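Undergrad: Would you mind keeping the following structure in view while I ask a few things?
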Amino acid sequence: MGSSKIFKTLDQQIEILRKKGLIINDVEEAKERLFKENYFFINGYRHIFMEHSKESVFIKGTTFEELYAMFLFDRHMRNIMFKYILIIENNIKSILSYTLSKKYGYHEKEYLNIKNYTQDPMKTRQVKDIINKMKRQIRVNGKQHSATSHYISNYGYIPMWILVKVLSFGIVSELFNILKSEDQMKIANIYGVDVTTLSIYLALLANFRNVCAHEEILFIHRTQRVIPDCDYHKALNIPMTDEEYILGKDDLFALIIIMKTMLRKDEFHDLIGEIGYEMDLLKGRVKAIPFEDILMKIGFPTNWREIDEII
């Protein structure tokens, strides 16, 4: 059996960090940070400051302030990304519900009718599964959520544009995949991408949304699926290995590319400004490692800001 983790006091936590070579200039402040933020979470950012040869030793000169700055940077980036993912989530839910309601009707028996979705026999099980998920959401949230309960009380049913409010982004992503191809194309055309690309974009957005919502480490997060090569990779001259772009495929910059496609121009400009502010703060606070190394870990090219100007 492996050794079990035992409780360590704040003084012991400080001592462990010092033994690994971390410089702690203000012990009391460091202890307060560890007490309020949790040693485990702050410790989750240490690997970026570690000597490559020995994973347990910090790069010479690394301070607790730098480690904490990395932790704060990731927290602020999560908050920024989450805010803009919610904008895209609201947009796609609105577009989806409008498209389906207009074509098939807005009553439950209409938009939950299996005939209104793909008739591909390979997807029959998937279609039934997602329709059942939507029915379950109506049962679970029908009386609890103010919007849905209002419609049930007054009209006896929940229209599609109200139901989408209580559907998770994951279910919405799956819902897009079971639409008839002409309905998928209509929605994909709004964003100027093909159906396959939008399907991947929605899956990645749902994945990143969960990372942000559950306060997981974001800046080094990688997704299982990769986004297709696009004009933004080419325009930014992102380096390639074996004819594959090494940045902006399964990382945080891939999310930026998705947002460039799916946000309004002014919204995306604001996003880049907010990220730039956090990047500049971090660059001013971290000196132990080159800032280019941090960008590489995040998946950002050094000229990442230029994506805002690309049409």
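In the structure tokens, the first chain shown is A, the next is B, and so on; residue numbers restart at 1 for each chain, and ligands run from 1 in the order shown.
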Set the distance at 9 Å and use only C-alpha atoms: which residues neighbour A:Ala147 once local chain neighbours fewer than 3 positions away are removed? I'd like the list as a ChimeraX atom specification.

TA: /A:142,144,150-152,158,162-163,165

Undergrad: Which neighbours of A:Arg33 fall inside 12 Å, counting only C-alpha atoms, when residues of the same chain fewer than 5 positions from it are skipped, and could you give them as a count of residues only?

TA: 20

Undergrad: As a list of chain:residue names, please: the residues near stretch 107-111 of chain A (cut-off 8 Å, only C-alpha atoms, same-chain neighbours under 5 positions excluded).

TA: A:Leu100, A:Ser101, A:Asn116, A:Tyr157, A:Ile158, A:Pro159, A:Met160

Undergrad: Using DSSP on the backbone coordinates, identify the residues of stretch 135-167 of chain A assigned to helix (DSSP H, G or I); present them as a tab-separated table (two decimals) with N, CA and C atoms, in the first residue's frame.

TA:
```tsv
chain	number	residue	atom	x	y	z
A	135	LYS	N	-36.18	15.35	-21.68
A	135	LYS	CA	-37.41	15.07	-20.94
A	135	LYS	C	-37.14	15.03	-19.43
A	136	ARG	N	-35.97	14.46	-19.08
A	136	ARG	CA	-35.59	14.39	-17.66
A	136	ARG	C	-35.39	15.79	-17.09
A	137	GLN	N	-34.78	16.67	-17.89
A	137	GLN	CA	-34.58	18.06	-17.43
A	137	GLN	C	-35.92	18.77	-17.22
A	138	ILE	N	-36.89	18.46	-18.07
A	138	ILE	CA	-38.24	19.05	-17.91
A	138	ILE	C	-38.84	18.57	-16.59
A	139	ARG	N	-38.70	17.27	-16.31
A	139	ARG	CA	-39.23	16.71	-15.06
A	139	ARG	C	-38.53	17.29	-13.84
A	140	VAL	N	-37.21	17.34	-13.89
A	140	VAL	CA	-36.41	17.78	-12.73
A	140	VAL	C	-36.56	19.27	-12.48
A	141	ASN	N	-36.45	20.07	-13.56
A	141	ASN	CA	-36.45	21.52	-13.40
A	141	ASN	C	-37.81	22.17	-13.58
A	146	SER	N	-37.65	29.05	-12.03
A	146	SER	CA	-38.74	30.05	-12.12
A	146	SER	C	-39.30	30.18	-13.53
A	147	ALA	N	-38.41	30.16	-14.54
A	147	ALA	CA	-38.87	30.33	-15.93
A	147	ALA	C	-39.73	29.15	-16.38
A	148	THR	N	-39.25	27.93	-16.07
A	148	THR	CA	-40.00	26.74	-16.51
A	148	THR	C	-41.30	26.59	-15.73
A	149	SER	N	-41.26	26.83	-14.41
A	149	SER	CA	-42.49	26.67	-13.60
A	149	SER	C	-43.56	27.67	-14.03
A	150	HIS	N	-43.15	28.86	-14.46
A	150	HIS	CA	-44.10	29.87	-14.94
A	150	HIS	C	-44.88	29.34	-16.14
A	151	TYR	N	-44.16	28.73	-17.09
A	151	TYR	CA	-44.82	28.23	-18.30
A	151	TYR	C	-45.70	27.02	-18.00
A	152	ILE	N	-45.23	26.15	-17.09
A	152	ILE	CA	-46.03	24.97	-16.73
A	152	ILE	C	-47.32	25.42	-16.04
A	153	SER	N	-47.20	26.37	-15.11
A	153	SER	CA	-48.37	26.85	-14.36
A	153	SER	C	-49.38	27.56	-15.26
A	154	ASN	N	-48.86	28.39	-16.17
A	154	ASN	CA	-49.75	29.23	-16.98
A	154	ASN	C	-50.19	28.61	-18.31
A	155	TYR	N	-49.30	27.79	-18.89
A	155	TYR	CA	-49.61	27.27	-20.22
A	155	TYR	C	-49.64	25.74	-20.29
A	160	MET	N	-39.39	25.51	-26.25
A	160	MET	CA	-37.97	25.18	-26.43
A	160	MET	C	-37.05	26.30	-25.92
A	161	TRP	N	-37.41	27.56	-26.18
A	161	TRP	CA	-36.52	28.66	-25.78
A	161	TRP	C	-36.42	28.82	-24.26
A	162	ILE	N	-37.35	28.23	-23.53
A	162	ILE	CA	-37.27	28.22	-22.07
A	162	ILE	C	-36.51	26.98	-21.60
A	163	LEU	N	-36.77	25.85	-22.26
A	163	LEU	CA	-36.09	24.61	-21.88
A	163	LEU	C	-34.57	24.76	-21.96
A	164	VAL	N	-34.08	25.43	-23.02
A	164	VAL	CA	-32.61	25.52	-23.19
A	164	VAL	C	-31.93	26.20	-22.00
A	165	LYS	N	-32.68	27.02	-21.27
A	165	LYS	CA	-32.10	27.69	-20.11
A	165	LYS	C	-31.62	26.70	-19.06
A	166	VAL	N	-32.30	25.56	-18.96
A	166	VAL	CA	-31.94	24.59	-17.91
A	166	VAL	C	-31.12	23.41	-18.47
```

Undergrad: So that I can see what lies close to A:Ala206, please list as a PyMOL selection string the residues with an atom at most 8 Å from it, counting only C-alpha atoms and leaving out residues fewer than 2 positions away in the same chain.

TA: chain A and resi 169-170+173+202-204+208-210

Undergrad: Can you write out the residues you just picked, keeping C-alpha atoms, as a compact mmCIF listing (two decimals), in the first residue's frame?

TA:
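The file below, again-v1.txt, is the result:
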```
# COMPACT_ATOMS: atom_id res chain seq x y z
CA PHE A 169 -23.83 23.04 -22.33
CA GLY A 170 -22.89 19.36 -22.65
CA SER A 173 -23.46 20.19 -27.66
CA LEU A 202 -19.12 23.07 -28.93
CA ALA A 203 -17.55 19.96 -27.37
CA LEU A 204 -14.40 21.92 -26.41
CA PHE A 208 -13.51 24.22 -20.82
CA ARG A 209 -16.73 25.40 -19.17
CA ASN A 210 -16.53 22.47 -16.72
```
